[in-house]
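Structure file target15.cif (mmCIF, C-alpha atoms) follows.
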```cif
data_data
#
loop_
_atom_site.label_atom_id
_atom_site.label_comp_id
_atom_site.auth_asym_id
_atom_site.auth_seq_id
_atom_site.Cartn_x
_atom_site.Cartn_y
_atom_site.Cartn_z
CA MET A 586 -167.96 111.26 0.81
CA ILE A 587 -166.91 108.80 3.50
CA LYS A 588 -167.18 109.77 7.18
CA THR A 589 -164.89 107.87 9.51
CA ASP A 590 -163.22 108.16 12.92
CA ALA A 591 -159.72 107.92 11.49
CA LEU A 592 -158.04 107.73 8.11
CA ILE A 593 -154.81 105.76 7.98
CA ILE A 594 -152.32 106.56 5.23
CA GLY A 595 -150.25 103.45 4.53
CA ALA A 596 -151.18 99.76 4.64
CA GLY A 597 -147.84 98.51 5.97
CA PRO A 598 -147.55 96.61 9.26
CA THR A 599 -147.70 99.78 11.35
CA GLY A 600 -150.87 101.07 9.64
CA LEU A 601 -152.51 97.65 9.88
CA PHE A 602 -151.83 97.25 13.59
CA CYS A 603 -153.00 100.80 14.28
CA ALA A 604 -156.27 99.84 12.56
CA HIS A 605 -156.49 96.90 14.98
CA GLN A 606 -155.95 99.15 17.98
CA LEU A 607 -158.58 101.60 16.73
CA GLY A 608 -161.00 98.69 16.34
CA ILE A 609 -160.29 97.45 19.86
CA ILE A 610 -161.30 100.81 21.34
CA GLY A 611 -164.41 100.97 19.17
CA LEU A 612 -163.32 103.39 16.44
CA LYS A 613 -163.85 102.98 12.70
CA CYS A 614 -161.09 103.62 10.18
CA GLU A 615 -160.33 103.54 6.47
CA ILE A 616 -156.90 102.83 4.95
CA VAL A 617 -155.43 104.39 1.79
CA ASP A 618 -152.28 103.04 0.10
CA ASN A 619 -150.52 103.92 -3.12
CA LEU A 620 -149.57 100.29 -3.85
CA ASP A 621 -152.06 97.88 -5.40
CA LYS A 622 -151.67 95.48 -2.48
CA ILE A 623 -151.65 95.45 1.31
CA GLY A 624 -148.33 95.18 3.20
CA GLY A 625 -146.18 98.22 2.40
CA GLN A 626 -142.41 97.68 2.36
CA CYS A 627 -142.91 94.15 3.78
CA ILE A 628 -144.67 93.08 0.62
CA GLU A 629 -142.98 95.36 -1.93
CA LEU A 630 -139.35 95.15 -0.84
CA TYR A 631 -138.93 91.86 1.03
CA PRO A 632 -141.94 89.50 0.80
CA ASP A 633 -139.63 86.44 0.98
CA LYS A 634 -137.00 87.71 3.38
CA PRO A 635 -137.28 86.34 6.90
CA ILE A 636 -137.75 88.80 9.78
CA TYR A 637 -136.36 87.70 13.15
CA ASP A 638 -137.30 90.52 15.51
CA ILE A 639 -141.07 90.48 15.78
CA PRO A 640 -141.83 89.78 19.48
CA ALA A 641 -142.94 86.18 20.10
CA ILE A 642 -142.52 85.26 16.42
CA PRO A 643 -139.02 83.75 16.06
CA GLU A 644 -139.09 83.92 12.27
CA CYS A 645 -141.54 85.01 9.58
CA THR A 646 -141.38 86.53 6.12
CA GLY A 647 -142.75 89.93 5.15
CA GLU A 648 -145.61 88.20 3.40
CA GLU A 649 -146.48 85.99 6.38
CA LEU A 650 -146.41 88.98 8.72
CA THR A 651 -148.75 90.87 6.41
CA ASN A 652 -151.16 87.95 6.10
CA ASN A 653 -151.28 87.52 9.88
CA LEU A 654 -152.01 91.22 10.39
CA ILE A 655 -154.79 91.08 7.79
CA GLU A 656 -156.24 88.07 9.65
CA GLN A 657 -155.97 89.92 12.97
CA ILE A 658 -158.01 92.92 11.75
CA LYS A 659 -160.68 90.88 9.96
CA PRO A 660 -163.29 91.35 12.74
CA PHE A 661 -163.28 95.10 12.10
CA ASN A 662 -164.20 94.94 8.36
CA ILE A 663 -161.86 97.73 7.42
CA ASN A 664 -162.14 99.33 3.99
CA PHE A 665 -158.95 99.55 1.94
CA HIS A 666 -158.46 102.11 -0.82
CA LEU A 667 -155.51 100.73 -2.77
CA SER A 668 -153.68 102.21 -5.79
CA ASP A 669 -154.72 105.60 -4.49
CA ARG A 670 -152.89 108.42 -2.76
CA VAL A 671 -154.01 111.14 -0.37
CA GLN A 672 -153.45 114.35 -2.23
CA GLU A 673 -154.96 117.21 -0.31
CA ILE A 674 -156.18 117.84 3.23
CA LYS A 675 -158.19 120.78 4.57
CA LYS A 676 -159.37 121.61 8.08
CA GLU A 677 -163.15 121.97 8.41
CA LYS A 678 -164.16 122.85 11.99
CA GLU A 679 -163.37 119.71 14.00
CA ASN A 680 -162.65 117.58 10.94
CA TRP A 681 -160.18 117.11 8.15
CA ARG A 682 -161.55 116.91 4.63
CA VAL A 683 -159.28 114.59 2.68
CA LYS A 684 -159.11 114.20 -1.10
CA THR A 685 -157.33 111.42 -2.98
CA LEU A 686 -155.80 111.25 -6.42
CA ASN A 687 -158.69 109.07 -7.64
CA GLY A 688 -161.22 111.64 -6.45
CA LYS A 689 -162.37 109.98 -3.21
CA GLU A 690 -163.28 112.23 -0.28
CA PHE A 691 -163.16 111.55 3.43
CA LEU A 692 -164.32 113.56 6.43
CA THR A 693 -162.50 112.56 9.61
CA PRO A 694 -161.27 114.09 12.86
CA ASN A 695 -158.07 112.03 12.68
CA ILE A 696 -155.42 111.31 10.06
CA VAL A 697 -152.76 108.75 10.94
CA ILE A 698 -149.73 108.91 8.66
CA ALA A 699 -148.12 105.47 8.58
CA GLY A 700 -146.42 106.09 5.29
CA GLY A 701 -143.00 104.50 5.83
CA VAL A 702 -140.47 106.46 3.82
CA GLY A 703 -143.12 107.71 1.45
CA SER A 704 -145.22 106.32 -1.36
CA PHE A 705 -143.70 104.03 -3.94
CA GLU A 706 -143.30 105.64 -7.35
CA PRO A 707 -141.55 104.31 -10.45
CA ARG A 708 -137.99 105.53 -10.87
CA LYS A 709 -137.80 107.66 -14.01
CA PHE A 710 -135.16 108.27 -16.67
CA PRO A 711 -132.49 110.75 -15.56
CA THR A 712 -132.55 112.54 -18.93
CA LYS A 713 -134.59 115.75 -18.96
CA SER A 714 -135.66 115.11 -22.55
CA ALA A 715 -137.75 112.17 -21.27
CA ASP A 716 -140.08 114.51 -19.38
CA LYS A 717 -141.82 115.98 -22.41
CA PHE A 718 -142.90 112.49 -23.56
CA ASP A 719 -143.73 111.24 -20.05
CA GLY A 720 -147.08 109.45 -19.89
CA LYS A 721 -147.50 109.49 -23.67
CA THR A 722 -144.65 107.63 -25.37
CA VAL A 723 -142.21 107.37 -22.46
CA LEU A 724 -143.82 105.01 -19.94
CA TYR A 725 -142.94 103.35 -16.65
CA SER A 726 -145.90 100.99 -16.46
CA ILE A 727 -148.24 99.47 -19.03
CA LYS A 728 -152.00 99.73 -18.86
CA ASP A 729 -152.91 98.84 -22.43
CA LYS A 730 -150.48 96.69 -24.40
CA THR A 731 -152.40 97.01 -27.68
CA ILE A 732 -150.93 100.49 -28.29
CA PHE A 733 -147.55 98.85 -29.04
CA LYS A 734 -148.80 96.66 -31.89
CA ASP A 735 -146.45 96.92 -34.91
CA LYS A 736 -144.46 99.70 -33.22
CA SER A 737 -140.78 100.00 -32.27
CA VAL A 738 -140.43 99.69 -28.51
CA VAL A 739 -137.20 100.26 -26.59
CA ILE A 740 -137.21 98.74 -23.10
CA PHE A 741 -134.69 99.65 -20.38
CA GLY A 742 -134.02 97.47 -17.33
CA GLY A 743 -132.75 94.08 -16.21
CA GLY A 744 -135.35 92.82 -13.76
CA ASP A 745 -138.50 90.77 -14.13
CA SER A 746 -140.73 93.64 -15.33
CA ALA A 747 -138.32 94.54 -18.15
CA LEU A 748 -137.83 90.90 -19.21
CA ASP A 749 -141.51 89.93 -18.97
CA TRP A 750 -142.61 92.88 -21.10
CA ALA A 751 -139.78 92.36 -23.60
CA ILE A 752 -140.96 88.77 -24.08
CA GLU A 753 -144.64 89.70 -24.25
CA LEU A 754 -144.27 92.67 -26.61
CA SER A 755 -141.84 90.86 -28.94
CA LYS A 756 -144.86 88.91 -30.21
CA SER A 757 -146.26 91.89 -32.08
CA SER A 758 -143.73 94.75 -31.80
CA LYS A 759 -140.11 95.43 -32.72
CA VAL A 760 -138.45 95.22 -29.31
CA THR A 761 -134.99 96.40 -28.23
CA LEU A 762 -133.92 95.57 -24.67
CA ILE A 763 -131.20 97.67 -23.05
CA HIS A 764 -129.50 96.96 -19.73
CA ARG A 765 -126.49 98.53 -18.04
CA ARG A 766 -124.64 95.23 -17.44
CA ASP A 767 -124.44 91.72 -18.89
CA GLU A 768 -126.21 89.96 -16.04
CA PHE A 769 -129.99 90.17 -15.87
CA ARG A 770 -131.55 89.85 -12.44
CA GLY A 771 -134.90 88.48 -13.59
CA ALA A 772 -135.99 84.85 -13.28
CA GLN A 773 -133.63 82.43 -15.04
CA SER A 774 -136.45 81.10 -17.23
CA SER A 775 -137.11 84.63 -18.51
CA VAL A 776 -133.41 85.24 -19.13
CA ASP A 777 -133.23 81.99 -21.15
CA LYS A 778 -136.33 83.02 -23.09
CA ILE A 779 -135.02 86.44 -24.14
CA LYS A 780 -131.67 84.90 -25.16
CA GLU A 781 -133.60 82.47 -27.34
CA LEU A 782 -135.70 85.28 -28.84
CA GLN A 783 -132.50 87.19 -29.55
CA LYS A 784 -131.01 84.16 -31.32
CA ASN A 785 -134.12 83.90 -33.51
CA ASN A 786 -133.98 87.65 -34.29
CA LYS A 787 -137.28 88.25 -32.48
CA LEU A 788 -135.72 90.98 -30.35
CA GLU A 789 -132.46 92.90 -30.04
CA ILE A 790 -130.43 93.22 -26.85
CA PHE A 791 -127.78 95.81 -25.99
CA THR A 792 -126.01 95.36 -22.66
CA LYS A 793 -123.56 97.70 -20.92
CA TYR A 794 -125.50 100.62 -22.33
CA SER A 795 -127.58 103.27 -20.59
CA ILE A 796 -129.80 106.08 -21.80
CA LYS A 797 -128.20 109.30 -23.06
CA ASP A 798 -130.99 111.21 -24.75
CA ILE A 799 -134.49 110.91 -26.15
CA LYS A 800 -134.95 112.66 -29.46
CA GLY A 801 -137.96 113.89 -31.34
CA ASN A 802 -139.80 117.11 -32.07
CA GLY A 803 -143.29 116.73 -30.69
CA LYS A 804 -143.28 113.06 -31.64
CA LEU A 805 -140.75 110.62 -30.19
CA GLU A 806 -138.33 109.54 -32.92
CA SER A 807 -135.30 107.84 -31.43
CA VAL A 808 -133.38 107.11 -28.30
CA GLU A 809 -129.64 107.59 -27.92
CA ILE A 810 -127.74 105.14 -25.71
CA LYS A 811 -124.17 105.27 -24.44
CA ASP A 812 -121.65 102.78 -23.04
CA ASP A 813 -119.14 103.38 -20.23
CA ASP A 814 -116.48 104.58 -22.70
CA GLY A 815 -118.80 107.25 -24.07
CA ASN A 816 -119.58 105.52 -27.39
CA SER A 817 -123.17 106.15 -28.38
CA LYS A 818 -125.77 104.56 -30.61
CA LEU A 819 -129.07 105.80 -32.01
CA ILE A 820 -132.12 103.50 -32.05
CA SER A 821 -135.37 104.53 -33.69
CA ALA A 822 -138.36 104.17 -31.38
CA ASP A 823 -142.07 104.89 -31.13
CA TYR A 824 -142.19 104.05 -27.41
CA VAL A 825 -139.57 103.99 -24.66
CA LEU A 826 -140.27 101.98 -21.52
CA GLY A 827 -138.25 102.18 -18.28
CA PHE A 828 -138.37 99.50 -15.57
CA PHE A 829 -135.92 100.61 -12.88
CA GLY A 830 -137.92 99.59 -9.85
CA LEU A 831 -139.65 101.81 -7.36
CA ILE A 832 -138.42 104.72 -5.28
CA MET A 833 -140.05 106.16 -2.22
CA GLN A 834 -141.19 109.77 -2.17
CA LEU A 835 -142.94 111.76 0.53
CA GLY A 836 -144.99 113.52 -2.14
CA PRO A 837 -147.99 115.64 -1.11
CA ILE A 838 -147.36 115.10 2.64
CA LEU A 839 -144.69 117.79 2.32
CA ASP A 840 -147.39 120.38 1.52
CA TRP A 841 -149.57 119.88 4.59
CA GLY A 842 -147.74 122.28 6.89
CA LEU A 843 -146.24 119.52 9.02
CA ASN A 844 -142.83 119.92 10.61
CA ILE A 845 -140.40 117.81 8.58
CA ASP A 846 -136.93 116.78 9.70
CA LYS A 847 -134.82 114.82 7.16
CA LYS A 848 -137.86 113.23 5.48
CA THR A 849 -139.40 112.31 8.86
CA ILE A 850 -142.12 113.96 10.95
CA PRO A 851 -141.42 114.91 14.58
CA VAL A 852 -144.12 113.74 17.03
CA ASN A 853 -144.82 113.81 20.75
CA THR A 854 -144.32 110.39 22.27
CA GLU A 855 -147.50 110.46 24.34
CA THR A 856 -149.97 110.27 21.43
CA PHE A 857 -147.72 110.48 18.34
CA GLU A 858 -149.53 113.62 17.27
CA THR A 859 -147.65 115.96 14.93
CA ASN A 860 -147.62 119.76 15.10
CA LYS A 861 -151.11 119.68 13.53
CA GLN A 862 -154.06 118.78 15.73
CA GLY A 863 -155.61 115.47 14.71
CA ILE A 864 -152.72 114.43 12.50
CA PHE A 865 -150.60 111.60 13.88
CA ALA A 866 -147.46 109.97 12.48
CA ILE A 867 -146.30 106.45 13.31
CA GLY A 868 -143.75 103.92 12.02
CA ASP A 869 -140.69 104.75 9.93
CA ILE A 870 -142.04 108.18 9.00
CA CYS A 871 -142.10 109.58 12.54
CA THR A 872 -139.15 110.74 14.59
CA TYR A 873 -138.50 111.45 18.29
CA PRO A 874 -135.52 111.06 20.60
CA GLY A 875 -134.52 107.40 20.63
CA LYS A 876 -136.63 106.44 17.59
CA LEU A 877 -135.90 102.95 16.25
CA LYS A 878 -137.05 102.09 12.74
CA LEU A 879 -138.34 98.67 13.74
CA ILE A 880 -141.73 97.09 13.07
CA LEU A 881 -142.17 96.45 16.80
CA SER A 882 -141.76 100.18 17.51
CA GLY A 883 -144.41 100.90 14.88
CA PHE A 884 -146.85 98.61 16.70
CA HIS A 885 -146.33 100.49 19.98
CA GLU A 886 -146.67 103.84 18.23
CA GLY A 887 -149.90 102.73 16.53
CA ALA A 888 -151.42 101.64 19.86
CA LEU A 889 -150.76 105.03 21.44
CA ALA A 890 -151.85 107.00 18.35
CA ALA A 891 -155.18 105.11 18.39
CA ARG A 892 -155.78 106.34 21.96
CA GLY A 893 -154.81 109.84 20.78
CA CYS A 894 -157.47 109.61 18.05
CA PHE A 895 -160.16 108.73 20.61
CA LYS A 896 -160.43 112.15 22.19
CA TYR A 897 -161.17 113.82 18.82
CA ALA A 898 -163.51 111.07 17.60
CA ARG A 899 -165.46 110.82 20.89
CA PRO A 900 -164.92 114.20 22.59
CA ASP A 901 -167.75 113.57 25.10
CA GLU A 902 -166.64 110.10 26.16
CA LYS A 903 -163.91 108.91 28.46
CA LEU A 904 -161.71 106.09 27.21
CA ARG A 905 -161.50 103.21 29.66
CA PHE A 906 -158.43 101.03 29.58
CA GLU A 907 -159.42 97.41 29.00
CA PHE A 908 -157.71 94.08 28.35
CA THR A 909 -158.71 91.80 25.47
CA THR A 910 -158.54 88.86 27.90
CA THR A 911 -161.28 90.15 30.19
CA SER A 912 -163.32 92.93 28.59
CA LYS A 913 -166.73 91.85 27.28
CA ALA A 914 -166.98 95.05 25.22
CA VAL A 915 -163.66 94.42 23.50
CA GLN A 916 -164.50 90.78 22.90
CA ASN A 917 -167.78 91.85 21.28
CA ARG A 918 -165.86 94.15 18.95
CA LEU A 919 -163.66 91.19 18.06
CA GLY A 920 -166.79 89.22 17.23
CA LEU A 921 -166.19 86.63 19.95
CA LYS A 922 -169.12 84.74 21.44
CA ASN A 923 -169.42 85.15 25.18
CA ASP A 924 -171.09 82.57 27.41
CA MET B 784 -110.73 104.48 12.22
CA ALA B 785 -110.44 105.77 8.66
CA ARG B 786 -110.49 109.26 7.23
CA ILE B 787 -113.01 109.29 4.41
CA THR B 788 -113.51 112.09 1.91
CA TYR B 789 -117.04 112.59 0.63
CA ILE B 790 -117.25 114.90 -2.38
CA GLU B 791 -120.67 116.31 -3.20
CA HIS B 792 -121.79 116.58 -6.82
CA GLY B 793 -121.16 120.34 -6.69
CA GLY B 794 -117.56 119.78 -5.54
CA GLN B 795 -117.99 120.48 -1.80
CA LYS B 796 -115.56 118.23 0.13
CA HIS B 797 -116.16 116.68 3.55
CA GLU B 798 -113.28 114.91 5.31
CA ILE B 799 -114.63 112.79 8.14
CA ASP B 800 -113.04 110.34 10.58
CA VAL B 801 -115.34 107.31 10.63
CA ALA B 802 -115.03 104.63 13.31
CA ASN B 803 -114.30 101.04 12.33
CA GLY B 804 -117.39 98.89 12.01
CA LEU B 805 -119.65 101.69 10.79
CA THR B 806 -120.50 101.79 7.10
CA VAL B 807 -119.52 104.56 4.70
CA MET B 808 -123.26 105.37 4.56
CA GLU B 809 -123.52 105.72 8.35
CA GLY B 810 -120.43 107.95 8.39
CA ALA B 811 -122.23 110.31 6.00
CA VAL B 812 -125.63 110.23 7.70
CA GLN B 813 -124.25 110.73 11.23
CA ASN B 814 -122.30 113.76 10.04
CA ASP B 815 -125.18 115.33 8.10
CA ILE B 816 -123.46 115.13 4.74
CA PRO B 817 -126.04 116.04 2.09
CA GLY B 818 -126.45 113.72 -0.88
CA ILE B 819 -126.89 110.36 0.87
CA ASP B 820 -130.53 109.54 1.59
CA ALA B 821 -130.33 105.91 2.82
CA ASP B 822 -134.11 105.50 2.80
CA CYS B 823 -134.06 101.83 3.80
CA GLY B 824 -131.58 102.34 6.61
CA GLY B 825 -128.85 100.08 5.24
CA SER B 826 -130.70 96.86 4.45
CA MET B 827 -129.77 96.88 0.73
CA ALA B 828 -133.43 97.35 -0.14
CA CYS B 829 -133.14 100.70 -1.95
CA ALA B 830 -130.44 102.48 -3.91
CA THR B 831 -130.38 105.88 -2.23
CA CYS B 832 -126.92 105.67 -0.62
CA HIS B 833 -125.28 105.28 -4.02
CA VAL B 834 -121.71 106.61 -4.37
CA TYR B 835 -119.00 106.59 -7.03
CA VAL B 836 -115.78 105.22 -5.56
CA LYS B 837 -112.62 106.98 -6.74
CA GLU B 838 -111.14 104.71 -9.45
CA ASP B 839 -107.90 103.75 -7.67
CA TRP B 840 -109.89 102.78 -4.56
CA PHE B 841 -112.57 100.73 -6.29
CA PRO B 842 -110.55 97.49 -6.70
CA LYS B 843 -109.27 97.71 -3.10
CA LEU B 844 -112.73 97.47 -1.57
CA PRO B 845 -114.21 94.12 -0.50
CA ASN B 846 -116.27 92.62 -3.34
CA LYS B 847 -119.97 93.28 -3.76
CA GLU B 848 -122.31 90.73 -2.25
CA THR B 849 -125.11 89.16 -4.25
CA GLY B 850 -127.90 91.63 -4.63
CA GLU B 851 -125.90 94.85 -4.55
CA ASP B 852 -125.65 95.04 -8.34
CA ASP B 853 -129.38 94.31 -8.59
CA MET B 854 -130.07 97.34 -6.42
CA LEU B 855 -127.49 99.45 -8.30
CA ASP B 856 -129.48 98.78 -11.49
CA GLN B 857 -132.12 100.97 -9.87
CA ALA B 858 -129.76 103.75 -8.81
CA TYR B 859 -129.62 107.18 -10.45
CA GLU B 860 -126.97 107.03 -13.22
CA PRO B 861 -124.95 104.02 -12.05
CA LYS B 862 -121.41 103.66 -13.45
CA ALA B 863 -118.71 100.98 -13.36
CA ASN B 864 -117.35 102.40 -10.07
CA SER B 865 -120.76 102.61 -8.37
CA ARG B 866 -121.30 101.10 -4.92
CA LEU B 867 -123.97 101.25 -2.25
CA SER B 868 -122.23 102.99 0.64
CA CYS B 869 -124.23 100.94 3.18
CA GLN B 870 -122.38 97.86 1.98
CA ILE B 871 -118.87 99.23 2.60
CA THR B 872 -117.78 98.63 6.20
CA VAL B 873 -115.08 100.94 7.50
CA SER B 874 -111.75 99.54 8.72
CA ASP B 875 -108.22 100.95 9.11
CA GLU B 876 -107.45 99.75 5.57
CA LEU B 877 -109.96 102.26 4.16
CA ASN B 878 -108.04 105.26 5.54
CA GLY B 879 -107.92 107.82 2.72
CA LEU B 880 -110.97 106.49 0.82
CA VAL B 881 -112.57 109.01 -1.52
CA VAL B 882 -116.18 108.73 -2.69
CA HIS B 883 -118.07 111.04 -5.02
CA LEU B 884 -121.80 111.58 -4.48
CA PRO B 885 -124.15 111.46 -7.48
CA GLU B 886 -126.13 114.49 -8.63
CA LYS B 887 -129.15 113.06 -6.81
CA GLN B 888 -130.31 109.79 -5.29
CA VAL B 889 -133.78 109.49 -6.82
#
```
Starting from the file, lay out its structure as structure tokens.
Amino acid sequence: MIKTDALIIGAGPTGLFCAHQLGIIGLKCEIVDNLDKIGGQCIELYPDKPIYDIPAIPECTGEELTNNLIEQIKPFNINFHLSDRVQEIKKEKENWRVKTLNGKEFLTPNIVIAGGVGSFEPRKFPTKSADKFDGKTVLYSIKDKTIFKDKSVVIFGGGDSALDWAIELSKSSKVTLIHRRDEFRGAQSSVDKIKELQKNNKLEIFTKYSIKDIKGNGKLESVEIKDDDGNSKLISADYVLGFFGLIMQLGPILDWGLNIDKKTIPVNTETFETNKQGIFAIGDICTYPGKLKLILSGFHEGALAARGCFKYARPDEKLRFEFTTTSKAVQNRLGLKND
Amino acid sequence: MARITYIEHGGQKHEIDVANGLTVMEGAVQNDIPGIDADCGGSMACATCHVYVKEDWFPKLPNKETGEDDMLDQAYEPKANSRLSCQITVSDELNGLVVHLPEKQV
């Protein structure tokens, strides 16, 4: 079990800067994120898109912003717990006991929810019949590609994940690729490659089709696809893979007894604490009169939430306001050498 | 200003006057119409403001920009008349527009 002054949920820009502000005032924190990398929406949704409204930075991409934030918090040696999700929280005297999906446990007086619009999860097939095979023969990500050897695999999607796996699996499986329109949005080199594989009968492609039903009693047998005019086709399959990108879901946060208003959490604007003592919400996930969903607002919210955390982490101490330009204590925390 | 009719999946109709310059998504969100999530706030980075445009209106709308179809690939049950409502800007010409909301957004 890990004891810490604050646990931050979400490694997006808001969570990262809050970690910086906690470090500045001498508090330790740990960060949990569902993605396998640091950066949140900045890195998952728009790593290459320029952002123009970060104060004093005329232009930077989501990836550059993330890298700069990581650099800025380096002095604090913060632990990241990636590809994991906070599942359950329980009040224990002055602390929260926090459990994650991967079985990690934390004991902390403060939880800072910086979860954006929720954790990223793969978008699933709309057909109910897919549910009974979910995780077994209907999959949305691939951990072990050897299970597909010499099997019939039907892949849905038109982006890079769908194309890359279609190309890879066509080496040792019977692959059918299905996409709802003629244009694929993956890299041009991948599109050329699958067209070539199709020409050489290494894989089959059906465009302008979408899923209608998944059939099989106990064992997956076939998948039925339909076009816009309602014509359908049956394709035999051992595995069905869907690559429709990621959606954002609030998930377990909904079960923690927090006030929720249209997928956001109301907070007080003094410390960004929620209706639960020691639980704070900052960034896109919090709401208050005048809330702007901007990264710069998330930075401000994180700075105030960090001060809010202090009184629970150090109940017997008084927090002194200090500037990074002049405070020896702060400069020590930043690892700077003083003359 | 344009009067826009939003029809929920269950058939519930909402007729709303939406000011020029707002998007069809904003018209729904500002009037608390259920069925439009708009998680990303209108930056074409999700597909949770997905609507089906009534067939006779579909060709009258300004064309999709690059990227909208890529996001629609990720929508729940996209069809030929699918649009992201955050990409449709309201003007007088859209008076009478009818959009149907999908069964769900995610």
Open item on the list: Residues near Ile594 (chain A), anyone? I mean within 6 Å using all atoms listed in the file, not counting same-chain ones fewer than 6 positions away, as a VMD selection string.
Closed with: chain A and resid 616 to 617 698 to 700
Determine, using only C-alpha atoms, which residues of chain B have any atom at most 7 Å from an atom of chain A, and tabulate each with its shortest atom pair and distance in Å to one decimal place, rows ordered by chain and then rising number, as a tab-separated table.
```
residue	atom	partner	partner_atom	distance
B:Asp822	CA	A:Val702	CA	6.5
B:Ala828	CA	A:Leu630	CA	6.4
B:Asp853	CA	A:Arg770	CA	6.3
B:Asp856	CA	A:Phe829	CA	6.8
B:Gln857	CA	A:Phe829	CA	4.9
B:Tyr859	CA	A:Pro711	CA	6.9
B:Val889	CA	A:Ile832	CA	6.8
```
Task: Between CA of Gly595 (chain A) and CA of Val683 (chain A) - distance in Å to one decimal - done: 14.5 Å
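Near Glu838 (chain B), within 12 Å and counting all atoms listed in the file, sit Val834, Tyr835, Val836, Trp840, Phe841, Pro842, Lys843, Leu844, Lys862, Ala863, Asn864, Ser865, Arg866, Leu880, Val881, Val882 and His883 of chain B; same-chain residues fewer than 2 positions away were not included.
Non-sequential neighbours of Lys684 (chain A) (distance at most 7 Å, separation of 2 or more positions within a chain, only C-alpha atoms) are Val671, Gln672, Glu673, Ile674, Arg682, Leu686, Gly688, Lys689, Glu690 and Phe691 of chain A.
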Task: Interatomic distance, CA of Lys622 (chain A) to CA of Ser668 (chain A) (Å, one decimal) - done: 7.8 Å
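Those residues that approach Gly611 (chain A) to within 10 Å, counting only C-alpha atoms, are A:Asp590, A:His605, A:Phe661, A:Phe895, A:Leu904, A:Ala914, A:Val915, A:Asn917, A:Arg918, A:Leu919; same-chain residues fewer than 6 positions away are not listed.
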TODO: Starting from the shown file, work through the PyMOL selection byres ((chain B and resi 802) around 9) and note down what comes out as a PyMOL selection string.
DONE: chain B and resi 784-786+800-801+803-806+810+873-875
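Here CA of Ile628 (chain A) is placed at a distance of 7.4 Å from CA of Thr651 (chain A).
The residues returned by the PyMOL selection byres ((chain A and resi 873) around 12) on the shown structure are Ile845, Asp846, Thr849, Ile850, Pro851, Val852, Asn853, Thr854, Glu855, Thr856, Phe857, Glu858, Thr859, Ala866, Ile867, Gly868, Asp869, Ile870, Cys871, Thr872, Pro874, Gly875, Lys876, Leu877, Lys878, Ser882 and Glu886 of chain A.
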- [ ] Name the residues in contact with Cys614 (chain A) at a cut-off of 10 Å, using only C-alpha atoms, excluding same-chain residues fewer than 6 positions from it; report them as a ChimeraX atom specification.
- [x] /A:588-593,603-605,607-608,661-665,693,695-697
Task: Selection result of the PyMOL selection byres ((chain B and resi 818) around 10) on this file, as a ChimeraX atom specification - done: /B:789-792,811-812,815-817,819-821,831-834,883-888
